[in-house]
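Input: a single structure, listed below in structure tokens.
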Amino acid sequence: MTRDAKARLVLSVLLVALITAGFCQEAAAQSSPLAAMRQPAATGFVGWLLSKQALFYRELSGLIRAAKSDGTALWGLMGISFAYGIFHAAGPGHGKAVISSYLVANEETWRRGVILSFASALLQALTAVVLVAVAAILIGATAKAMGDTVRMIETVSYSLIVLVGARLLWVKGRAFLRTLHALKSEPAPAAEHAHDHHTPCTHHEHSHDHHVPHSHDDARAHRHGADHSHDHDDDESVLPWGHAHGPEPEELAGPGGWRRGLSAIVAVGLRPCSGAIIVLVFALAQGLFWAGVASTFVMGIGTAITVAAIASLAVGARAVAKRFAATRASYGTLMLRGVEVGAAVLVMLFGVLLLTGTIASERMGMF
Amino acid sequence: MFRRIVFLIAGLACLVASTPRAQAHPHVWVTMTSELLYAPDGSVTGVRHAWTFDDMFSAFATQGLEQKTKGQFAREELAPLAKVNVESLQEYAYFTYVKVNGKRQKDALSDPVDYYLEYDPKEAVLTLHFTLPFKTPLKAKALDVEVYDPDFFIDFAFAEKDQVRLINAPAQCSVSVAKPHDDFFSAAVRLDKSMAWEANAGMGANFANRVSVTCP
């Protein structure tokens with residue numbers, strides 16, 4: 001690792017720590033009055049985000065109204081929409097949490113993380129625009145009908161998150177168990193090791209090893225663990241969710257590359273933001289629907305930037321873990337797989353909690 | 001390195017832990033006035049609310065409604081919407097919480113009566129009027145009525161003028177209003193007061209608007 005890369009890693013880890021610390025303090029303040037008392041400024045960060053966001057949101061209506069008579073107000077509208085998008089996503093929310101967890105679990109690259117963030121945020125803007133265009137303009141639907149539609153979309157979206165998480169958990173859970181299994185047998189004599197290759201669990205390693213001319217000799221036995229992570233990556237590449245080894249950016253262009261991320265994009269981006277829908281309907285009522293559309297997409301770009309930044313931190317942290325894993329051979333790999341399983345569980349957990357309404361990301365309808 | 005990873009995992013866990021309550025932010029703003037109704041015997045019988053929604057939400061809520069005159073909504077035209085409103089509010093206990101002598105009373109209020117929506121064409125805003133009767137009229141030395149959304153999707157604030165009135169209350173009763181909502185930028189400060197309230201009440205509780213009536 002170069003010094004530059006090291007510095008970047010440290011920086012990203014620090015940033016993750018800083019942000020999670022902010023959220024943690026919030027959590028502490030929420031769960032325990034005592035914790036809040038010990039840290040009087042605990043909720044400052046989130047409180048500040050909320051107040052900013054509320055302020056920007058409130059300015060939108062005035063700017064849309066002003067844009068009717070004064071074209072220059074549009075610039076202000078775009079600026080505020082952008083700021084709202086940035087702050088909107090910076091506050092706690094499920095979208096970036098799901099995306100970050102997904103990226104960590106699926107061993108995605110930084111570039112894919114950024115693309116995933118932008119695609120889901122823009123899809124979210126698009127669904128809001130399409131929903132309002134179809135429901136309000138074409139059909140003349142009421143707010144209640146729109147709210148009901150959003151709730152339906154919401155259920156689909158949250159179910160998809162559960163599915164994405166479940167699928168990840170299945171793939172990563174098996175990888176973890178295989179690593180665990182291999183680890184147990186690693187210190188064993190070579191004879192047993194050879195035997196291992198015939199067990200169903202290590203079957204894939206066996207087939208892979210055939211590509212390497214005769215790595216079965218005794219001297220290599222102890223390197224088995226190090227090779228292991230590589231083996232798994234290969235193994236997963238046969239599954240739609242899995243991952244070929246190594247972060248190759250050019251993979252993005254391939255059809256498989258897009259297909260893999262698509263489910264995550266749709267799961268996160270399907271549900272339109274309530275704020276965007278309200279802004280769009282308001283703009284429509286003012287006879288400036290297109291200004292609402294522009295505002296919604298600019299908001300989406302702002303949101304995407306924040307989500308991408310947080311997702312990048314997650315990917316960076318994952319890279320740190322991977323380097324660590326490389327230095328510790330088999331135990332490191334096991335730990336890496338453990339982190340992936342944990343992240344997969346998180347994705348699923350978010351989906352389940354959102355679906356059951358235990359955590360409410362947005363509320364739509366009359367209230 | 002190892003420590004960093006542990007820290008990271010702990011951090012991610014915290015991220016999840018903090019999510020349930022903290023993620024809301026208002027999309028609806030309500031400016032309200034409230035009245036406490038008293039019976040001749042001095043017991044409180046109900047809470048009468050008038051909630052004015054912000055212009056964006058008002059535009060959203062009236063979307064697709066039939067109107068005879070453009071830019072105006074008659075009370076009858078808004079009647080179905082008012083019904084939807086109060087029916088959906090039931091799920092949230094009308095965001096109105098009652099404390100009698102410092103103790104929270106669940107189910108103190110019954111479903112709303114005399115509800116209707118009004119449209120102000122000049123400001124283009126909707127006002128929802130409704131009355132929540134007390135199931136059993138009561139006399140209390142200290143009565144607190146709080147209005148807030150625990151999930152903070154709706155930001156409630158008392159109006160500048162005539163925010164709270166006591167109707168036919170005994171002369172010796174006095175009312176005070178705690179209005180945490182003096183300006184937007186103090187949101188962070190208000191959040192810090194969380195320890196003064198029940199921890200489980202949710203973040204919105206820190207934005208509670210509290211009417212306190214004391215009758216000696």
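By convention in this document, the chains of the structure tokens carry letters A, B, ... by their order, each chain's residues are numbered from 1, and ligands are numbered from 1 in the order they are shown.
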Practice item. Within 10 Å of region 44-47 of chain B, counting only C-alpha atoms, which residues show up once you throw out same-chain ones fewer than 2 positions away? Write them as a PyMOL selection string, please. Key: chain B and resi 34-42+49+96+108-110+112+130-140+143+145+166-170
Take the residues from that selection and write them out as an mmCIF file, in the first residue's frame, keeping N, CA and C atoms.
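Final file, selection01.cif:
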```cif
data_model
loop_
_atom_site.group_PDB
_atom_site.id
_atom_site.type_symbol
_atom_site.label_atom_id
_atom_site.label_comp_id
_atom_site.auth_asym_id
_atom_site.auth_seq_id
_atom_site.Cartn_x
_atom_site.Cartn_y
_atom_site.Cartn_z
ATOM 1 N N SER B 34 -55.646 26.556 19.952
ATOM 2 C CA SER B 34 -56.414 25.550 20.678
ATOM 3 C C SER B 34 -57.273 26.204 21.736
ATOM 4 N N GLU B 35 -58.377 25.568 22.000
ATOM 5 C CA GLU B 35 -59.271 26.053 23.051
ATOM 6 C C GLU B 35 -59.616 24.896 23.972
ATOM 7 N N LEU B 36 -59.634 25.193 25.255
ATOM 8 C CA LEU B 36 -60.079 24.185 26.211
ATOM 9 C C LEU B 36 -61.495 24.556 26.629
ATOM 10 N N LEU B 37 -62.401 23.592 26.511
ATOM 11 C CA LEU B 37 -63.811 23.846 26.780
ATOM 12 C C LEU B 37 -64.172 23.356 28.175
ATOM 13 N N TYR B 38 -64.919 24.181 28.890
ATOM 14 C CA TYR B 38 -65.288 23.830 30.261
ATOM 15 C C TYR B 38 -66.802 23.780 30.419
ATOM 16 N N ALA B 39 -67.246 22.873 31.267
ATOM 17 C CA ALA B 39 -68.666 22.776 31.604
ATOM 18 C C ALA B 39 -68.947 23.771 32.726
ATOM 19 N N PRO B 40 -70.248 24.081 32.950
ATOM 20 C CA PRO B 40 -70.587 25.038 34.015
ATOM 21 C C PRO B 40 -70.052 24.612 35.388
ATOM 22 N N ASP B 41 -69.907 23.295 35.609
ATOM 23 C CA ASP B 41 -69.430 22.859 36.932
ATOM 24 C C ASP B 41 -67.904 22.986 37.053
ATOM 25 N N GLY B 42 -67.244 23.502 36.026
ATOM 26 C CA GLY B 42 -65.802 23.738 36.130
ATOM 27 C C GLY B 42 -64.947 22.587 35.661
ATOM 28 N N HIS B 49 -59.418 22.227 18.414
ATOM 29 C CA HIS B 49 -58.224 22.612 17.668
ATOM 30 C C HIS B 49 -58.582 23.330 16.369
ATOM 31 N N THR B 96 -52.501 14.637 20.133
ATOM 32 C CA THR B 96 -52.878 15.419 21.306
ATOM 33 C C THR B 96 -52.756 14.531 22.547
ATOM 34 N N ALA B 108 -57.837 9.437 27.011
ATOM 35 C CA ALA B 108 -58.650 10.414 27.729
ATOM 36 C C ALA B 108 -59.648 11.076 26.777
ATOM 37 N N LEU B 109 -59.293 11.096 25.505
ATOM 38 C CA LEU B 109 -60.107 11.818 24.532
ATOM 39 C C LEU B 109 -60.841 10.848 23.609
ATOM 40 N N SER B 110 -62.051 11.217 23.237
ATOM 41 C CA SER B 110 -62.752 10.385 22.262
ATOM 42 C C SER B 110 -62.601 10.987 20.863
ATOM 43 N N PRO B 112 -63.060 12.807 17.265
ATOM 44 C CA PRO B 112 -63.428 14.206 17.075
ATOM 45 C C PRO B 112 -64.882 14.420 16.650
ATOM 46 N N PHE B 130 -61.470 20.876 14.542
ATOM 47 C CA PHE B 130 -62.115 19.712 15.157
ATOM 48 C C PHE B 130 -62.054 19.802 16.669
ATOM 49 N N THR B 131 -62.979 19.124 17.301
ATOM 50 C CA THR B 131 -63.058 19.133 18.760
ATOM 51 C C THR B 131 -62.901 17.716 19.280
ATOM 52 N N LEU B 132 -62.023 17.564 20.239
ATOM 53 C CA LEU B 132 -61.819 16.267 20.878
ATOM 54 C C LEU B 132 -62.464 16.307 22.261
ATOM 55 N N PRO B 133 -63.586 15.602 22.432
ATOM 56 C CA PRO B 133 -64.224 15.632 23.753
ATOM 57 C C PRO B 133 -63.490 14.709 24.730
ATOM 58 N N PHE B 134 -63.440 15.113 25.973
ATOM 59 C CA PHE B 134 -62.921 14.213 27.008
ATOM 60 C C PHE B 134 -63.942 13.109 27.215
ATOM 61 N N LYS B 135 -63.480 11.890 27.327
ATOM 62 C CA LYS B 135 -64.409 10.780 27.548
ATOM 63 C C LYS B 135 -65.171 11.003 28.841
ATOM 64 N N THR B 136 -64.426 11.379 29.876
ATOM 65 C CA THR B 136 -65.061 11.777 31.118
ATOM 66 C C THR B 136 -64.559 13.175 31.447
ATOM 67 N N PRO B 137 -65.477 14.134 31.501
ATOM 68 C CA PRO B 137 -65.047 15.483 31.874
ATOM 69 C C PRO B 137 -64.336 15.425 33.221
ATOM 70 N N LEU B 138 -63.293 16.190 33.380
ATOM 71 C CA LEU B 138 -62.537 16.058 34.618
ATOM 72 C C LEU B 138 -62.119 17.405 35.186
ATOM 73 N N LYS B 139 -61.891 17.370 36.479
ATOM 74 C CA LYS B 139 -61.333 18.537 37.152
ATOM 75 C C LYS B 139 -59.937 18.144 37.606
ATOM 76 N N ALA B 140 -59.015 19.001 37.364
ATOM 77 C CA ALA B 140 -57.648 18.676 37.782
ATOM 78 C C ALA B 140 -56.953 19.945 38.234
ATOM 79 N N LEU B 143 -53.563 20.453 34.567
ATOM 80 C CA LEU B 143 -53.893 19.761 33.331
ATOM 81 C C LEU B 143 -52.935 20.228 32.235
ATOM 82 N N VAL B 145 -51.998 19.766 28.196
ATOM 83 C CA VAL B 145 -52.335 19.230 26.878
ATOM 84 C C VAL B 145 -51.154 19.525 25.969
ATOM 85 N N LEU B 166 -59.138 29.564 27.120
ATOM 86 C CA LEU B 166 -59.986 28.746 27.977
ATOM 87 C C LEU B 166 -61.410 29.256 27.803
ATOM 88 N N ILE B 167 -62.327 28.355 27.504
ATOM 89 C CA ILE B 167 -63.707 28.757 27.277
ATOM 90 C C ILE B 167 -64.547 28.345 28.491
ATOM 91 N N ASN B 168 -65.104 29.344 29.146
ATOM 92 C CA ASN B 168 -65.959 29.124 30.320
ATOM 93 C C ASN B 168 -65.223 28.434 31.474
ATOM 94 N N ALA B 169 -63.927 28.661 31.551
ATOM 95 C CA ALA B 169 -63.185 28.036 32.642
ATOM 96 C C ALA B 169 -63.463 28.791 33.940
ATOM 97 N N PRO B 170 -63.348 28.094 35.072
ATOM 98 C CA PRO B 170 -63.491 28.784 36.353
ATOM 99 C C PRO B 170 -62.491 29.938 36.438
#
```
Review point. Do you know which residues are at most 10 Å from Val164 (chain B) counting only C-alpha atoms, after dropping those on the same chain fewer than 5 positions away, and could you put them as a PyMOL selection string?
Key: chain B and resi 32-36+48-49+158-159+175-177+211-212
Check your understanding: What does the distance from CA of Arg260 (chain A) to CA of Gly165 (chain A) come to in Å, to one decimal?
Key ->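 Spanning CA of Arg260 (chain A) to CA of Gly165 (chain A) is a straight-line distance of 13.1 Å.
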Check your understanding: What is the distance between CA of Met78 (chain A) and CA of Val293 (chain A), in Å to one decimal?
Key -> 10.6 Å
Check your understanding: Pick the closest to Leu262 (chain A) from A:Ile137, A:Ile99, A:Ala317, A:Ala89: which is it, counting only C-alpha atoms?
Key ->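 Using only C-alpha atoms, Leu262 (chain A) sits closest to A:Ile99.
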Practice item. Just the residues within 6 Å of region 62-75 of chain B, please, counting only C-alpha atoms, with nothing from its chain fewer than 4 positions along; format it as a list in words. Key: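 These residues fall inside the cut-off: Gly140, Ala141, Thr142 and Ala143 of chain A; Glu118, Tyr119 and Pro121 of chain B.
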Just to be explicit: take each residue in the selection above, keep N, CA and C atoms, and write the result as a PDB file, in the first residue's frame.
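And here is the file that came out, result24.pdb:
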```
ATOM      1  N   GLY A 140     -56.010  13.234 -12.697  1.00  0.00           N
ATOM      2  CA  GLY A 140     -56.643  14.176 -11.778  1.00  0.00           C
ATOM      3  C   GLY A 140     -56.927  13.533 -10.429  1.00  0.00           C
ATOM      4  N   ALA A 141     -56.043  12.670 -10.007  1.00  0.00           N
ATOM      5  CA  ALA A 141     -56.234  11.937  -8.751  1.00  0.00           C
ATOM      6  C   ALA A 141     -56.111  12.870  -7.552  1.00  0.00           C
ATOM      7  N   THR A 142     -56.708  12.446  -6.455  1.00  0.00           N
ATOM      8  CA  THR A 142     -56.635  13.233  -5.227  1.00  0.00           C
ATOM      9  C   THR A 142     -55.353  12.900  -4.464  1.00  0.00           C
ATOM     10  N   ALA A 143     -55.092  13.696  -3.453  1.00  0.00           N
ATOM     11  CA  ALA A 143     -53.915  13.464  -2.610  1.00  0.00           C
ATOM     12  C   ALA A 143     -53.989  12.084  -1.967  1.00  0.00           C
TER      13      ALA A 143
ATOM     14  N   GLU B 118     -61.502  24.445   6.219  1.00  0.00           N
ATOM     15  CA  GLU B 118     -61.759  25.769   5.699  1.00  0.00           C
ATOM     16  C   GLU B 118     -60.603  26.129   4.776  1.00  0.00           C
ATOM     17  N   TYR B 119     -60.915  26.806   3.676  1.00  0.00           N
ATOM     18  CA  TYR B 119     -59.851  27.195   2.753  1.00  0.00           C
ATOM     19  C   TYR B 119     -59.737  28.704   2.725  1.00  0.00           C
ATOM     20  N   PRO B 121     -58.525  31.503   0.578  1.00  0.00           N
ATOM     21  CA  PRO B 121     -58.052  31.689  -0.794  1.00  0.00           C
ATOM     22  C   PRO B 121     -56.896  32.683  -0.899  1.00  0.00           C
TER      23      PRO B 121
END
```
Review point. Nearest to chain A among B:Trp29, B:Phe53, B:Phe60, B:Tyr115, with distances taken over only C-alpha atoms: which residue is it?
Key: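 Under the stated criterion, the closest residue is B:Phe60.
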Point to revise | Among listed residues A:Ser100, A:Thr155, A:Ser295, A:Ser81, nearest chain B (using only C-alpha atoms) | key: A:Ser100
Practice item. Give the answer as one residue: which of B:Cys173, B:Ala61, B:Val147, B:Ala124 has the shortest atom-to-atom distance to chain A, using only C-alpha atoms? Key: B:Ala61
Check your understanding: Between A:Ala105, A:Ala67, A:Leu60, A:Leu270, which has the minimum distance to chain B (counting only C-alpha atoms)?
Key -> A:Leu60
Point to revise | For chain B, the nearest of the candidates A:Ala304, A:Ala314, A:Leu288, A:Val150, counting only C-alpha atoms | key: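 Smallest distance to chain B is found for A:Ala314.
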**Study point:** Nearby residues (only C-alpha atoms) at most 9 Å from Ala59 (chain B), same-chain spacing under 5 positions excluded, as a ChimeraX atom specification
**Key:** /A:278,281-286 /B:54,124-126
For the residues selected in the previous step, produce a file with N, CA and C atoms as a PDB file, in the first residue's frame.
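The new file out04.pdb reads:
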```pdb
ATOM      1  N   ILE A 278     -44.844  16.479  -2.819  1.00  0.00           N
ATOM      2  CA  ILE A 278     -45.552  17.676  -2.359  1.00  0.00           C
ATOM      3  C   ILE A 278     -45.091  18.896  -3.154  1.00  0.00           C
ATOM      4  N   VAL A 281     -46.631  18.723  -6.695  1.00  0.00           N
ATOM      5  CA  VAL A 281     -48.057  19.064  -6.737  1.00  0.00           C
ATOM      6  C   VAL A 281     -48.250  20.553  -6.495  1.00  0.00           C
ATOM      7  N   PHE A 282     -47.453  21.089  -5.602  1.00  0.00           N
ATOM      8  CA  PHE A 282     -47.535  22.529  -5.340  1.00  0.00           C
ATOM      9  C   PHE A 282     -47.163  23.321  -6.595  1.00  0.00           C
ATOM     10  N   ALA A 283     -46.080  22.909  -7.249  1.00  0.00           N
ATOM     11  CA  ALA A 283     -45.650  23.575  -8.483  1.00  0.00           C
ATOM     12  C   ALA A 283     -46.739  23.468  -9.547  1.00  0.00           C
ATOM     13  N   LEU A 284     -47.366  22.310  -9.614  1.00  0.00           N
ATOM     14  CA  LEU A 284     -48.455  22.099 -10.561  1.00  0.00           C
ATOM     15  C   LEU A 284     -49.602  23.068 -10.282  1.00  0.00           C
ATOM     16  N   ALA A 285     -49.943  23.208  -9.008  1.00  0.00           N
ATOM     17  CA  ALA A 285     -51.021  24.112  -8.619  1.00  0.00           C
ATOM     18  C   ALA A 285     -50.677  25.556  -8.972  1.00  0.00           C
ATOM     19  N   GLN A 286     -49.389  25.860  -8.999  1.00  0.00           N
ATOM     20  CA  GLN A 286     -48.954  27.209  -9.350  1.00  0.00           C
ATOM     21  C   GLN A 286     -48.815  27.369 -10.860  1.00  0.00           C
TER      22      GLN A 286
ATOM     23  N   ASP B  54     -49.398  24.382   6.047  1.00  0.00           N
ATOM     24  CA  ASP B  54     -48.571  25.251   5.196  1.00  0.00           C
ATOM     25  C   ASP B  54     -49.073  25.202   3.749  1.00  0.00           C
ATOM     26  N   ALA B 124     -54.032  30.724   0.427  1.00  0.00           N
ATOM     27  CA  ALA B 124     -54.054  29.387  -0.180  1.00  0.00           C
ATOM     28  C   ALA B 124     -53.695  28.306   0.836  1.00  0.00           C
ATOM     29  N   VAL B 125     -54.299  28.413   2.006  1.00  0.00           N
ATOM     30  CA  VAL B 125     -54.024  27.395   3.029  1.00  0.00           C
ATOM     31  C   VAL B 125     -55.322  26.812   3.593  1.00  0.00           C
ATOM     32  N   LEU B 126     -55.205  25.581   4.041  1.00  0.00           N
ATOM     33  CA  LEU B 126     -56.327  24.868   4.641  1.00  0.00           C
ATOM     34  C   LEU B 126     -56.242  24.943   6.156  1.00  0.00           C
TER      35      LEU B 126
END
```
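Omitting Lys322 (chain A) and its sequence neighbours fewer than 2 positions away, and counting only C-alpha atoms, the residues within 10 Å are Glu107, Gly316, Ala317, Arg318, Ala319, Val320, Phe324, Ala325, Ala326, Thr327, Arg328, Gly332, Thr333, Met335, Leu336 and Arg337 of chain A.
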